[in-house]
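Contents: one structure, followed by commentary.
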Amino acid sequence: MTLGQGVSAAADIAAGRTSLGIELGSTRIKACLIGPDATEVLATGSFSWENSLEDGLWTYGIDEVWQGLQSAYADLVDDAEKRHGVRPETFGAIGISAMMHGYLGFDESGELLVPFRTWRNTNTTVAAAELTELLGVNIPLRWSIAHLHQAVVDAEPHVPNLDFVTTLAGYVHWRLTGERVLGVGDASGMFPIDSATCDYDARMLDAYDVLAADRLPAPAASLLPRVLPAGASAGLLTTEGAKLLDPSGALPAGIPLCPPEGDAGTGMVATNSVAPRTGNVSAGTSIFAMVVLEHPLGEVHHELDLVTTPAGDGVAMVHCNNGASELAAWVGLFTQFSAAAGQPIDSDAAFDALFREALEGEADAGGLLAYNHLAGEPIAGLTEGRPLFVRTPDSAFTLANFMRAQLYGVFGTLALGMKVLEAEGVGLDRMFAHGGMFRTAGVAQRFLAGALGAPVAVGELAAEGGAWGIAVLASYLAHAESSDLGTYLDEQVFAAASISTVDPTPADVQGFATYLTRYRAGLAIESAAVTSL
């Protein structure tokens, strides 16, 4: 950064010509501050947290939501002062994003009725199947309507007291602004959306109200957040909300907020994947692919969710509950070994060395198999997870093949879902990948290209991921009247972006296809492990 840029950044921060984005991810709450051009990241902050299993359900404590938000915000303010000599005291706009789906139910006084149920829970099998049959579209286990209906089916005591049901992003936004709203992308993971109206599908709402008659205290539409597209005004920061975010009292009320979004929507924005025939893959604790559709799909597929972009356009989503966590656990084991051997290396160095070693592996990983299933995986037909590494006596058991198998394993279930899209004739010009596993250049990106048989791009702007994406959506508030979201991203945000694209090689495509055939057959081992262990 030049001296002139530094002075300009400090002036922008002091004057509030900035946008703040905060995303509550599955392992970190991240805050990102961007300048008026939406491309320069001025400061960041973060807070690490983990879900917990309580009474058989995955959850995060509500108190920890606010502890984490306040910590990430304070960390960002400190980072801005360290970088630019200025502590931000106001912003041009704020955006809140979080992991999609799940269930937060409140009574009319605003009290949480049951602990937050996250997207990771798979206890909604009965409800999801009943809703899929009723509505004629796939309703995945993690969708909010599946969680709500499962509570109805189980006649849970809290159901008669329900007044409001929302997602984590919708909850935080509500507490900050008093507005019960949700961005259309996040809302599309609650209940099916009609892209023509950019709202919940009215016919399906009517059908559900008939199904749930006399079992819910109100029609479903009155329990769900109001739906807003990107660029719509979603309320202002209240005095109470400002104190929730910044207990120091320095943050003023009155700052506009954009519609709260889910991590899928912010991933689409962060990768400029909002136009037909584009898509993105986000790899973290979970892994999912989003492909913007040119036309509706011909059939209902349990492997696919139908959601939307933040602007309301139709998207096919392949969502896998298990991403890179098992890979990270193995890298952590090697890091522990290096320390035990008296040659300690840090985690980043371990990832880099082991990823590069994977490049030396055989194209099909030498006959090795790695399953990353820490939790249940509906696409693979698994109700619970049992991470496994499997080989036969004649497999080529080398470090290079082991690491390639682990990387392939992250993409295994995702590839099963993408094969369904391929059979539907969905075209794909480019996938944009983001997430920590893509930081080592040319490794995970290359293997993903082989797995999908399509070009995979990564870019310098993807490092901050969804927190940057929701900051961009906040910045878009000031441009929505003059530009649609796709044009804004193309012409202002990504016009000068440095993007690296890798085309699939025939050897990698064939090698991964061989691996996937073996992977599919080996799912019987996973099922047996769930039954036996």
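To be explicit about the labels: the chains of the structure tokens are called A, B, and onward in the order shown, and within each one the residues are counted from 1, while ligands get numbers from 1 in the order they are shown.
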
Could I get the residues of region 21-132 of chain A with an atom no further than 10 Å from an atom of region 314-331 of chain A, each paired with its nearest atom pair and that distance in Å to one decimal, using only C-alpha atoms, sorted by chain and residue number, as a Markdown table?
| residue | atom | partner | partner_atom | distance |
| --- | --- | --- | --- | --- |
| A:Trp119 | CA | A:Asn321 | CA | 8.4 |
| A:Arg120 | CA | A:Asn321 | CA | 6.5 |
| A:Asn121 | CA | A:Asn321 | CA | 9.3 |
| A:Thr122 | CA | A:Asn321 | CA | 9.8 |

Selection export as a PDB file, in the first residue's frame, atoms kept: N, CA and C atoms:
ATOM      1  N   TRP A 119     -27.841 -26.293  11.170  1.00  0.00           N
ATOM      2  CA  TRP A 119     -27.979 -27.009   9.905  1.00  0.00           C
ATOM      3  C   TRP A 119     -27.439 -28.438   9.989  1.00  0.00           C
ATOM      4  N   ARG A 120     -26.569 -28.696  10.963  1.00  0.00           N
ATOM      5  CA  ARG A 120     -25.870 -29.978  11.004  1.00  0.00           C
ATOM      6  C   ARG A 120     -26.756 -31.119  11.509  1.00  0.00           C
ATOM      7  N   ASN A 121     -27.888 -30.796  12.098  1.00  0.00           N
ATOM      8  CA  ASN A 121     -28.741 -31.829  12.674  1.00  0.00           C
ATOM      9  C   ASN A 121     -29.493 -32.604  11.588  1.00  0.00           C
ATOM     10  N   THR A 122     -29.594 -33.914  11.808  1.00  0.00           N
ATOM     11  CA  THR A 122     -30.244 -34.786  10.830  1.00  0.00           C
ATOM     12  C   THR A 122     -31.419 -35.549  11.451  1.00  0.00           C
TER      13      THR A 122
END

**Message:** Need the shell around region 124-141 of chain A: protein/DNA/RNA residues with any atom at most 6 Å away, counting only C-alpha atoms. Skip same-chain ones fewer than 6 positions apart. Format as a PyMOL selection string?
**Reply:** chain A and resi 149-150+204+300+302

Any chance you can output those residues with N, CA and C atoms as a PDB file, in the first residue's frame?
ATOM      1  N   HIS A 149     -41.318 -28.334  10.966  1.00  0.00           N
ATOM      2  CA  HIS A 149     -42.333 -29.368  10.815  1.00  0.00           C
ATOM      3  C   HIS A 149     -42.017 -30.591  11.676  1.00  0.00           C
ATOM      4  N   GLN A 150     -40.739 -30.895  11.879  1.00  0.00           N
ATOM      5  CA  GLN A 150     -40.404 -32.013  12.761  1.00  0.00           C
ATOM      6  C   GLN A 150     -40.872 -31.726  14.185  1.00  0.00           C
ATOM      7  N   MET A 204     -47.155 -23.280  -2.240  1.00  0.00           N
ATOM      8  CA  MET A 204     -46.578 -24.223  -1.285  1.00  0.00           C
ATOM      9  C   MET A 204     -46.895 -23.817   0.151  1.00  0.00           C
ATOM     10  N   VAL A 300     -37.244 -33.927  -9.438  1.00  0.00           N
ATOM     11  CA  VAL A 300     -36.859 -33.708  -8.047  1.00  0.00           C
ATOM     12  C   VAL A 300     -35.708 -34.657  -7.721  1.00  0.00           C
ATOM     13  N   HIS A 302     -33.042 -35.758  -4.510  1.00  0.00           N
ATOM     14  CA  HIS A 302     -32.751 -35.585  -3.087  1.00  0.00           C
ATOM     15  C   HIS A 302     -31.350 -35.050  -2.860  1.00  0.00           C
TER      16      HIS A 302
END

**Asked** Which residues, written as an MDAnalysis selection string, have at least one atom at most 7 Å from Arg87 (chain A), with only C-alpha atoms counted and residues fewer than 5 positions away on the same chain left out?
**Response** chainID A and resid 77:78 80:81

**Asked** Which of these, A:Gly453, A:Gly409, A:Gly241, A:Pro36, has the shortest distance to Tyr371 (chain A) once you count only C-alpha atoms?
**Response**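 The shortest atom-to-atom distance to Tyr371 (chain A) comes from A:Gly409.
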
Write out, as JSON lines, each residue of region 119-201 of chain A that has an atom at most 10 Å from region 245-262 of chain A, together with the closest pair of atoms and their distance in Å to one decimal, counting only C-alpha atoms, rows going by chain and rising number.
{"residue": "A:Thr167", "atom": "CA", "partner": "A:Gly262", "partner_atom": "CA", "distance": 8.5}
{"residue": "A:Leu168", "atom": "CA", "partner": "A:Gly262", "partner_atom": "CA", "distance": 8.7}
{"residue": "A:Ala169", "atom": "CA", "partner": "A:Pro260", "partner_atom": "CA", "distance": 5.7}
{"residue": "A:Gly170", "atom": "CA", "partner": "A:Pro260", "partner_atom": "CA", "distance": 6.0}
{"residue": "A:Tyr171", "atom": "CA", "partner": "A:Pro260", "partner_atom": "CA", "distance": 9.2}
{"residue": "A:Val172", "atom": "CA", "partner": "A:Pro260", "partner_atom": "CA", "distance": 8.6}
{"residue": "A:His173", "atom": "CA", "partner": "A:Pro260", "partner_atom": "CA", "distance": 6.4}
{"residue": "A:Trp174", "atom": "CA", "partner": "A:Pro260", "partner_atom": "CA", "distance": 9.3}
{"residue": "A:Arg175", "atom": "CA", "partner": "A:Leu245", "partner_atom": "CA", "distance": 9.9}
{"residue": "A:Leu176", "atom": "CA", "partner": "A:Leu245", "partner_atom": "CA", "distance": 7.8}
{"residue": "A:Thr177", "atom": "CA", "partner": "A:Leu257", "partner_atom": "CA", "distance": 8.0}
{"residue": "A:Glu179", "atom": "CA", "partner": "A:Pro259", "partner_atom": "CA", "distance": 9.8}
{"residue": "A:Val181", "atom": "CA", "partner": "A:Pro259", "partner_atom": "CA", "distance": 7.0}
{"residue": "A:Leu182", "atom": "CA", "partner": "A:Pro260", "partner_atom": "CA", "distance": 5.3}
{"residue": "A:Gly183", "atom": "CA", "partner": "A:Pro259", "partner_atom": "CA", "distance": 4.7}
{"residue": "A:Val184", "atom": "CA", "partner": "A:Glu261", "partner_atom": "CA", "distance": 7.5}
{"residue": "A:Gly185", "atom": "CA", "partner": "A:Glu261", "partner_atom": "CA", "distance": 6.3}
{"residue": "A:Asp186", "atom": "CA", "partner": "A:Gly262", "partner_atom": "CA", "distance": 4.5}
{"residue": "A:Ala187", "atom": "CA", "partner": "A:Glu261", "partner_atom": "CA", "distance": 8.1}
{"residue": "A:Ser188", "atom": "CA", "partner": "A:Gly262", "partner_atom": "CA", "distance": 9.4}
{"residue": "A:Gly189", "atom": "CA", "partner": "A:Gly262", "partner_atom": "CA", "distance": 8.4}

Save the residues we just selected, N, CA and C atoms, as a PDB file, in the first residue's frame?
ATOM      1  N   THR A 167     -33.420 -17.789  10.905  1.00  0.00           N
ATOM      2  CA  THR A 167     -32.074 -18.358  10.850  1.00  0.00           C
ATOM      3  C   THR A 167     -31.158 -17.567  11.788  1.00  0.00           C
ATOM      4  N   LEU A 168     -29.914 -18.004  11.880  1.00  0.00           N
ATOM      5  CA  LEU A 168     -28.968 -17.298  12.745  1.00  0.00           C
ATOM      6  C   LEU A 168     -28.734 -15.868  12.254  1.00  0.00           C
ATOM      7  N   ALA A 169     -28.557 -15.684  10.936  1.00  0.00           N
ATOM      8  CA  ALA A 169     -28.362 -14.327  10.404  1.00  0.00           C
ATOM      9  C   ALA A 169     -29.598 -13.472  10.647  1.00  0.00           C
ATOM     10  N   GLY A 170     -30.778 -14.067  10.445  1.00  0.00           N
ATOM     11  CA  GLY A 170     -32.010 -13.326  10.675  1.00  0.00           C
ATOM     12  C   GLY A 170     -32.181 -12.926  12.124  1.00  0.00           C
ATOM     13  N   TYR A 171     -31.759 -13.817  13.041  1.00  0.00           N
ATOM     14  CA  TYR A 171     -31.841 -13.512  14.475  1.00  0.00           C
ATOM     15  C   TYR A 171     -30.946 -12.332  14.840  1.00  0.00           C
ATOM     16  N   VAL A 172     -29.688 -12.385  14.419  1.00  0.00           N
ATOM     17  CA  VAL A 172     -28.757 -11.306  14.766  1.00  0.00           C
ATOM     18  C   VAL A 172     -29.243  -9.985  14.175  1.00  0.00           C
ATOM     19  N   HIS A 173     -29.668 -10.014  12.914  1.00  0.00           N
ATOM     20  CA  HIS A 173     -30.166  -8.795  12.266  1.00  0.00           C
ATOM     21  C   HIS A 173     -31.370  -8.232  13.023  1.00  0.00           C
ATOM     22  N   TRP A 174     -32.270  -9.093  13.427  1.00  0.00           N
ATOM     23  CA  TRP A 174     -33.460  -8.682  14.188  1.00  0.00           C
ATOM     24  C   TRP A 174     -33.075  -7.986  15.480  1.00  0.00           C
ATOM     25  N   ARG A 175     -32.125  -8.557  16.194  1.00  0.00           N
ATOM     26  CA  ARG A 175     -31.703  -7.943  17.451  1.00  0.00           C
ATOM     27  C   ARG A 175     -30.991  -6.605  17.221  1.00  0.00           C
ATOM     28  N   LEU A 176     -30.329  -6.454  16.081  1.00  0.00           N
ATOM     29  CA  LEU A 176     -29.617  -5.201  15.798  1.00  0.00           C
ATOM     30  C   LEU A 176     -30.539  -4.101  15.293  1.00  0.00           C
ATOM     31  N   THR A 177     -31.608  -4.489  14.583  1.00  0.00           N
ATOM     32  CA  THR A 177     -32.445  -3.494  13.905  1.00  0.00           C
ATOM     33  C   THR A 177     -33.910  -3.499  14.345  1.00  0.00           C
ATOM     34  N   GLU A 179     -35.934  -5.501  12.908  1.00  0.00           N
ATOM     35  CA  GLU A 179     -36.628  -5.914  11.690  1.00  0.00           C
ATOM     36  C   GLU A 179     -36.578  -7.434  11.524  1.00  0.00           C
ATOM     37  N   VAL A 181     -36.630  -9.638   9.015  1.00  0.00           N
ATOM     38  CA  VAL A 181     -36.454  -9.780   7.572  1.00  0.00           C
ATOM     39  C   VAL A 181     -35.318 -10.754   7.290  1.00  0.00           C
ATOM     40  N   LEU A 182     -35.222 -11.153   6.023  1.00  0.00           N
ATOM     41  CA  LEU A 182     -34.157 -12.063   5.604  1.00  0.00           C
ATOM     42  C   LEU A 182     -33.892 -11.849   4.124  1.00  0.00           C
ATOM     43  N   GLY A 183     -32.617 -11.889   3.743  1.00  0.00           N
ATOM     44  CA  GLY A 183     -32.273 -11.855   2.333  1.00  0.00           C
ATOM     45  C   GLY A 183     -32.834 -13.081   1.637  1.00  0.00           C
ATOM     46  N   VAL A 184     -33.197 -12.928   0.360  1.00  0.00           N
ATOM     47  CA  VAL A 184     -33.872 -14.015  -0.346  1.00  0.00           C
ATOM     48  C   VAL A 184     -33.005 -15.274  -0.439  1.00  0.00           C
ATOM     49  N   GLY A 185     -31.686 -15.114  -0.520  1.00  0.00           N
ATOM     50  CA  GLY A 185     -30.826 -16.287  -0.575  1.00  0.00           C
ATOM     51  C   GLY A 185     -30.914 -17.119   0.693  1.00  0.00           C
ATOM     52  N   ASP A 186     -30.875 -16.458   1.853  1.00  0.00           N
ATOM     53  CA  ASP A 186     -30.991 -17.174   3.122  1.00  0.00           C
ATOM     54  C   ASP A 186     -32.411 -17.710   3.303  1.00  0.00           C
ATOM     55  N   ALA A 187     -33.402 -16.917   2.897  1.00  0.00           N
ATOM     56  CA  ALA A 187     -34.794 -17.350   3.007  1.00  0.00           C
ATOM     57  C   ALA A 187     -35.057 -18.594   2.177  1.00  0.00           C
ATOM     58  N   SER A 188     -34.333 -18.756   1.060  1.00  0.00           N
ATOM     59  CA  SER A 188     -34.540 -19.920   0.198  1.00  0.00           C
ATOM     60  C   SER A 188     -34.051 -21.207   0.847  1.00  0.00           C
ATOM     61  N   GLY A 189     -33.340 -21.108   1.959  1.00  0.00           N
ATOM     62  CA  GLY A 189     -32.963 -22.269   2.745  1.00  0.00           C
ATOM     63  C   GLY A 189     -33.882 -22.482   3.927  1.00  0.00           C
TER      64      GLY A 189
END

**Prompt:** Ala365 (chain A): which residues within 10 Å, counting only C-alpha atoms, same-chain residues fewer than 2 positions away excluded, as a PyMOL selection string?
**Reply:** chain A and resi 358+360-363+367-370+395-398+400-408+511-512+514-515

Written selection (N, CA and C atoms) as a PDB file, in the first residue's frame:
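As a result, again.pdb now contains:
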ATOM      1  N   ALA A 358       0.907 -34.269  -2.113  1.00  0.00           N
ATOM      2  CA  ALA A 358      -0.204 -34.915  -2.801  1.00  0.00           C
ATOM      3  C   ALA A 358      -0.080 -34.827  -4.319  1.00  0.00           C
ATOM      4  N   GLU A 360       2.404 -35.453  -5.982  1.00  0.00           N
ATOM      5  CA  GLU A 360       3.240 -36.562  -6.447  1.00  0.00           C
ATOM      6  C   GLU A 360       2.496 -37.896  -6.415  1.00  0.00           C
ATOM      7  N   GLY A 361       1.273 -37.900  -5.914  1.00  0.00           N
ATOM      8  CA  GLY A 361       0.507 -39.133  -5.818  1.00  0.00           C
ATOM      9  C   GLY A 361      -0.022 -39.599  -7.164  1.00  0.00           C
ATOM     10  N   GLU A 362      -0.457 -40.863  -7.214  1.00  0.00           N
ATOM     11  CA  GLU A 362      -1.044 -41.406  -8.428  1.00  0.00           C
ATOM     12  C   GLU A 362      -2.402 -40.756  -8.682  1.00  0.00           C
ATOM     13  N   ALA A 363      -2.823 -40.727  -9.927  1.00  0.00           N
ATOM     14  CA  ALA A 363      -4.031 -40.008 -10.312  1.00  0.00           C
ATOM     15  C   ALA A 363      -5.272 -40.533  -9.605  1.00  0.00           C
ATOM     16  N   GLY A 367      -5.303 -46.458  -5.094  1.00  0.00           N
ATOM     17  CA  GLY A 367      -6.190 -47.453  -4.510  1.00  0.00           C
ATOM     18  C   GLY A 367      -6.613 -47.147  -3.085  1.00  0.00           C
ATOM     19  N   LEU A 368      -6.212 -45.999  -2.539  1.00  0.00           N
ATOM     20  CA  LEU A 368      -6.578 -45.634  -1.171  1.00  0.00           C
ATOM     21  C   LEU A 368      -7.936 -44.933  -1.168  1.00  0.00           C
ATOM     22  N   LEU A 369      -8.633 -44.987  -0.034  1.00  0.00           N
ATOM     23  CA  LEU A 369      -9.927 -44.347   0.127  1.00  0.00           C
ATOM     24  C   LEU A 369      -9.962 -43.572   1.434  1.00  0.00           C
ATOM     25  N   ALA A 370     -10.500 -42.373   1.408  1.00  0.00           N
ATOM     26  CA  ALA A 370     -10.659 -41.568   2.622  1.00  0.00           C
ATOM     27  C   ALA A 370     -12.088 -41.045   2.687  1.00  0.00           C
ATOM     28  N   SER A 395      -2.855 -51.907  -2.257  1.00  0.00           N
ATOM     29  CA  SER A 395      -2.857 -50.463  -2.505  1.00  0.00           C
ATOM     30  C   SER A 395      -1.453 -49.897  -2.347  1.00  0.00           C
ATOM     31  N   ALA A 396      -1.173 -48.821  -3.085  1.00  0.00           N
ATOM     32  CA  ALA A 396       0.137 -48.160  -3.000  1.00  0.00           C
ATOM     33  C   ALA A 396       0.107 -47.169  -1.843  1.00  0.00           C
ATOM     34  N   PHE A 397       0.514 -47.627  -0.670  1.00  0.00           N
ATOM     35  CA  PHE A 397       0.382 -46.843   0.557  1.00  0.00           C
ATOM     36  C   PHE A 397       1.597 -45.948   0.738  1.00  0.00           C
ATOM     37  N   THR A 398       1.550 -44.774   0.104  1.00  0.00           N
ATOM     38  CA  THR A 398       2.604 -43.772   0.222  1.00  0.00           C
ATOM     39  C   THR A 398       2.010 -42.502   0.804  1.00  0.00           C
ATOM     40  N   ALA A 400       2.247 -39.560  -0.448  1.00  0.00           N
ATOM     41  CA  ALA A 400       1.656 -38.789  -1.544  1.00  0.00           C
ATOM     42  C   ALA A 400       0.260 -39.303  -1.874  1.00  0.00           C
ATOM     43  N   ASN A 401       0.101 -40.616  -1.967  1.00  0.00           N
ATOM     44  CA  ASN A 401      -1.223 -41.175  -2.248  1.00  0.00           C
ATOM     45  C   ASN A 401      -2.179 -40.949  -1.089  1.00  0.00           C
ATOM     46  N   PHE A 402      -1.664 -41.057   0.134  1.00  0.00           N
ATOM     47  CA  PHE A 402      -2.507 -40.829   1.312  1.00  0.00           C
ATOM     48  C   PHE A 402      -3.079 -39.419   1.292  1.00  0.00           C
ATOM     49  N   MET A 403      -2.229 -38.433   1.022  1.00  0.00           N
ATOM     50  CA  MET A 403      -2.703 -37.053   1.023  1.00  0.00           C
ATOM     51  C   MET A 403      -3.628 -36.774  -0.161  1.00  0.00           C
ATOM     52  N   ARG A 404      -3.340 -37.385  -1.309  1.00  0.00           N
ATOM     53  CA  ARG A 404      -4.251 -37.189  -2.439  1.00  0.00           C
ATOM     54  C   ARG A 404      -5.618 -37.803  -2.115  1.00  0.00           C
ATOM     55  N   ALA A 405      -5.621 -38.964  -1.467  1.00  0.00           N
ATOM     56  CA  ALA A 405      -6.886 -39.591  -1.075  1.00  0.00           C
ATOM     57  C   ALA A 405      -7.657 -38.715  -0.099  1.00  0.00           C
ATOM     58  N   GLN A 406      -6.950 -38.076   0.842  1.00  0.00           N
ATOM     59  CA  GLN A 406      -7.618 -37.199   1.796  1.00  0.00           C
ATOM     60  C   GLN A 406      -8.240 -35.985   1.095  1.00  0.00           C
ATOM     61  N   LEU A 407      -7.526 -35.411   0.141  1.00  0.00           N
ATOM     62  CA  LEU A 407      -8.064 -34.281  -0.607  1.00  0.00           C
ATOM     63  C   LEU A 407      -9.225 -34.723  -1.494  1.00  0.00           C
ATOM     64  N   TYR A 408      -9.072 -35.857  -2.162  1.00  0.00           N
ATOM     65  CA  TYR A 408     -10.179 -36.392  -2.949  1.00  0.00           C
ATOM     66  C   TYR A 408     -11.387 -36.662  -2.053  1.00  0.00           C
ATOM     67  N   GLY A 511      -8.446 -40.159 -13.298  1.00  0.00           N
ATOM     68  CA  GLY A 511      -8.023 -40.653 -11.988  1.00  0.00           C
ATOM     69  C   GLY A 511      -9.098 -40.448 -10.935  1.00  0.00           C
ATOM     70  N   PHE A 512      -9.725 -39.265 -10.925  1.00  0.00           N
ATOM     71  CA  PHE A 512     -10.774 -39.031  -9.936  1.00  0.00           C
ATOM     72  C   PHE A 512     -11.993 -39.893 -10.229  1.00  0.00           C
ATOM     73  N   THR A 514     -12.006 -42.887 -11.420  1.00  0.00           N
ATOM     74  CA  THR A 514     -11.687 -44.205 -10.874  1.00  0.00           C
ATOM     75  C   THR A 514     -11.837 -44.201  -9.356  1.00  0.00           C
ATOM     76  N   TYR A 515     -11.324 -43.140  -8.727  1.00  0.00           N
ATOM     77  CA  TYR A 515     -11.453 -42.999  -7.271  1.00  0.00           C
ATOM     78  C   TYR A 515     -12.922 -42.956  -6.868  1.00  0.00           C
TER      79      TYR A 515
END

**Item:** DSSP alpha helix (DSSP H) selection over region 370-503 of chain A, as an MDAnalysis selection string
**Value:** chainID A and resid 399:423 444:452 465:476 485:488

**Long-range neighbours of Gln510 (chain A) as a PyMOL selection string, 9 Å cut-off, only C-alpha atoms, 3 positions minimum in chain** = chain A and resi 363-364+450-451+505-507+513-515

The selected residues should be written to file as a CSV table (one decimal), in the first residue's frame (atoms: N, CA and C atoms).
chain,number,residue,atom,x,y,z
A,363,ALA,N,-2.8,-40.7,-9.9
A,363,ALA,CA,-4.0,-40.0,-10.3
A,363,ALA,C,-5.3,-40.5,-9.6
A,364,ASP,N,-5.3,-41.8,-9.3
A,364,ASP,CA,-6.4,-42.4,-8.6
A,364,ASP,C,-6.2,-42.6,-7.1
A,450,GLY,N,-10.4,-31.6,-11.6
A,450,GLY,CA,-10.4,-33.0,-12.1
A,450,GLY,C,-11.7,-33.7,-11.6
A,451,ALA,N,-12.1,-33.4,-10.4
A,451,ALA,CA,-13.4,-34.0,-9.9
A,451,ALA,C,-14.6,-33.5,-10.6
A,505,THR,N,-7.2,-31.6,-16.2
A,505,THR,CA,-6.3,-32.4,-17.1
A,505,THR,C,-7.0,-33.8,-17.3
A,506,PRO,N,-6.8,-34.4,-18.5
A,506,PRO,CA,-7.4,-35.7,-18.7
A,506,PRO,C,-7.0,-36.8,-17.7
A,507,ALA,N,-5.7,-36.7,-17.2
A,507,ALA,CA,-5.3,-37.7,-16.2
A,507,ALA,C,-6.0,-37.5,-14.9
A,513,ALA,N,-12.3,-40.1,-11.5
A,513,ALA,CA,-13.4,-41.0,-11.9
A,513,ALA,C,-13.2,-42.4,-11.3
A,514,THR,N,-12.0,-42.9,-11.4
A,514,THR,CA,-11.7,-44.2,-10.9
A,514,THR,C,-11.8,-44.2,-9.4
A,515,TYR,N,-11.3,-43.1,-8.7
A,515,TYR,CA,-11.5,-43.0,-7.3
A,515,TYR,C,-12.9,-43.0,-6.9

**Item:** Near-Leu533 (chain A) list (12 Å; only C-alpha atoms; drop same-chain fewer than 5 positions) as a ChimeraX atom specification
**Value:** /A:384-388,525-528

**Prompt:** Using only C-alpha atoms, which residues sit within 8 Å of Asp201 (chain A) once same-chain residues fewer than 4 positions away are excluded, as number ranges by chain?
**Reply:** A: 191-194, 205

**Message:** Using only C-alpha atoms, can you tell me which of A:Ile29, A:Ala38, A:Cys198, A:Val390 comes closest to Ala529 (chain A)?
**Reply:** A:Val390

**Request:** In Å, rounded to a single decimal, give me how far CA of Arg83 (chain A) is from CA of Leu33 (chain A).
**Result:**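 Here the two named atoms are 12.0 Å from each other.
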
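Shortest atom-to-atom contact with Tyr488 (chain A) among A:Thr39, A:Thr413, A:Thr18, A:Thr335: A:Thr39, counting only C-alpha atoms.
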
**Request:** Please report, as a PyMOL selection string, each residue of region 232-472 of chain A to which DSSP assigns strand (DSSP E) when run on this structure's backbone.
**Result:** chain A and resi 261-262+278-283+287-292+305-308+314-320+369-371+388-390+430-434+456-459

Would you mind exporting C-alpha atoms of the selected residues as a PDB file, in the first residue's frame?
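Full text of part_15.pdb as output:
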ATOM      1  CA  GLU A 261     -27.823 -13.384   4.079  1.00  0.00           C
ATOM      2  CA  GLY A 262     -26.659 -16.964   4.386  1.00  0.00           C
ATOM      3  CA  THR A 278     -21.359 -19.945 -13.207  1.00  0.00           C
ATOM      4  CA  GLY A 279     -20.954 -21.496  -9.806  1.00  0.00           C
ATOM      5  CA  ASN A 280     -18.816 -21.723  -6.739  1.00  0.00           C
ATOM      6  CA  VAL A 281     -17.543 -24.276  -4.286  1.00  0.00           C
ATOM      7  CA  SER A 282     -17.105 -23.332  -0.633  1.00  0.00           C
ATOM      8  CA  ALA A 283     -15.018 -25.674   1.478  1.00  0.00           C
ATOM      9  CA  ILE A 287     -18.603 -28.222   1.552  1.00  0.00           C
ATOM     10  CA  PHE A 288     -21.163 -27.119  -0.982  1.00  0.00           C
ATOM     11  CA  ALA A 289     -21.423 -26.197  -4.637  1.00  0.00           C
ATOM     12  CA  MET A 290     -23.775 -23.594  -6.081  1.00  0.00           C
ATOM     13  CA  VAL A 291     -24.623 -23.533  -9.794  1.00  0.00           C
ATOM     14  CA  VAL A 292     -26.806 -20.735 -11.196  1.00  0.00           C
ATOM     15  CA  ASP A 305     -31.417 -28.097  -3.025  1.00  0.00           C
ATOM     16  CA  LEU A 306     -33.104 -25.408  -5.074  1.00  0.00           C
ATOM     17  CA  VAL A 307     -32.156 -22.052  -3.576  1.00  0.00           C
ATOM     18  CA  THR A 308     -31.484 -18.582  -5.003  1.00  0.00           C
ATOM     19  CA  GLY A 314     -32.602 -19.933  -9.232  1.00  0.00           C
ATOM     20  CA  VAL A 315     -29.620 -21.959  -8.029  1.00  0.00           C
ATOM     21  CA  ALA A 316     -28.990 -25.691  -7.668  1.00  0.00           C
ATOM     22  CA  MET A 317     -27.076 -26.419  -4.498  1.00  0.00           C
ATOM     23  CA  VAL A 318     -25.170 -29.573  -3.644  1.00  0.00           C
ATOM     24  CA  HIS A 319     -24.642 -29.374   0.104  1.00  0.00           C
ATOM     25  CA  CYS A 320     -22.494 -31.849   2.030  1.00  0.00           C
ATOM     26  CA  LEU A 369      -9.927 -44.347   0.127  1.00  0.00           C
ATOM     27  CA  ALA A 370     -10.659 -41.568   2.622  1.00  0.00           C
ATOM     28  CA  TYR A 371     -14.102 -40.805   4.036  1.00  0.00           C
ATOM     29  CA  LEU A 388     -12.546 -43.803   7.841  1.00  0.00           C
ATOM     30  CA  PHE A 389      -9.358 -44.433   5.919  1.00  0.00           C
ATOM     31  CA  VAL A 390      -9.403 -47.670   3.912  1.00  0.00           C
ATOM     32  CA  ARG A 430     -16.526 -22.026 -14.549  1.00  0.00           C
ATOM     33  CA  MET A 431     -16.486 -22.850 -10.875  1.00  0.00           C
ATOM     34  CA  PHE A 432     -14.943 -20.417  -8.424  1.00  0.00           C
ATOM     35  CA  ALA A 433     -13.475 -22.055  -5.328  1.00  0.00           C
ATOM     36  CA  HIS A 434     -12.950 -20.478  -1.935  1.00  0.00           C
ATOM     37  CA  VAL A 456     -11.855 -23.932 -11.405  1.00  0.00           C
ATOM     38  CA  ALA A 457     -10.871 -20.370 -10.540  1.00  0.00           C
ATOM     39  CA  VAL A 458      -9.493 -18.885  -7.358  1.00  0.00           C
ATOM     40  CA  GLY A 459      -8.870 -15.200  -6.767  1.00  0.00           C
TER      41      GLY A 459
END

**Asked** Using only C-alpha atoms, which of the listed residues (A:Gly417, A:Ile94, A:Arg439, A:Pro115) sits closest to Leu53 (chain A)?
**Response** A:Pro115

**Prompt:** So which one's closest to Leu414 (chain A), A:Ala202, A:Ala339, A:Ala380, A:Val114? Using only C-alpha atoms, please.
**Reply:**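 The closest residue to Leu414 (chain A) is A:Ala380.
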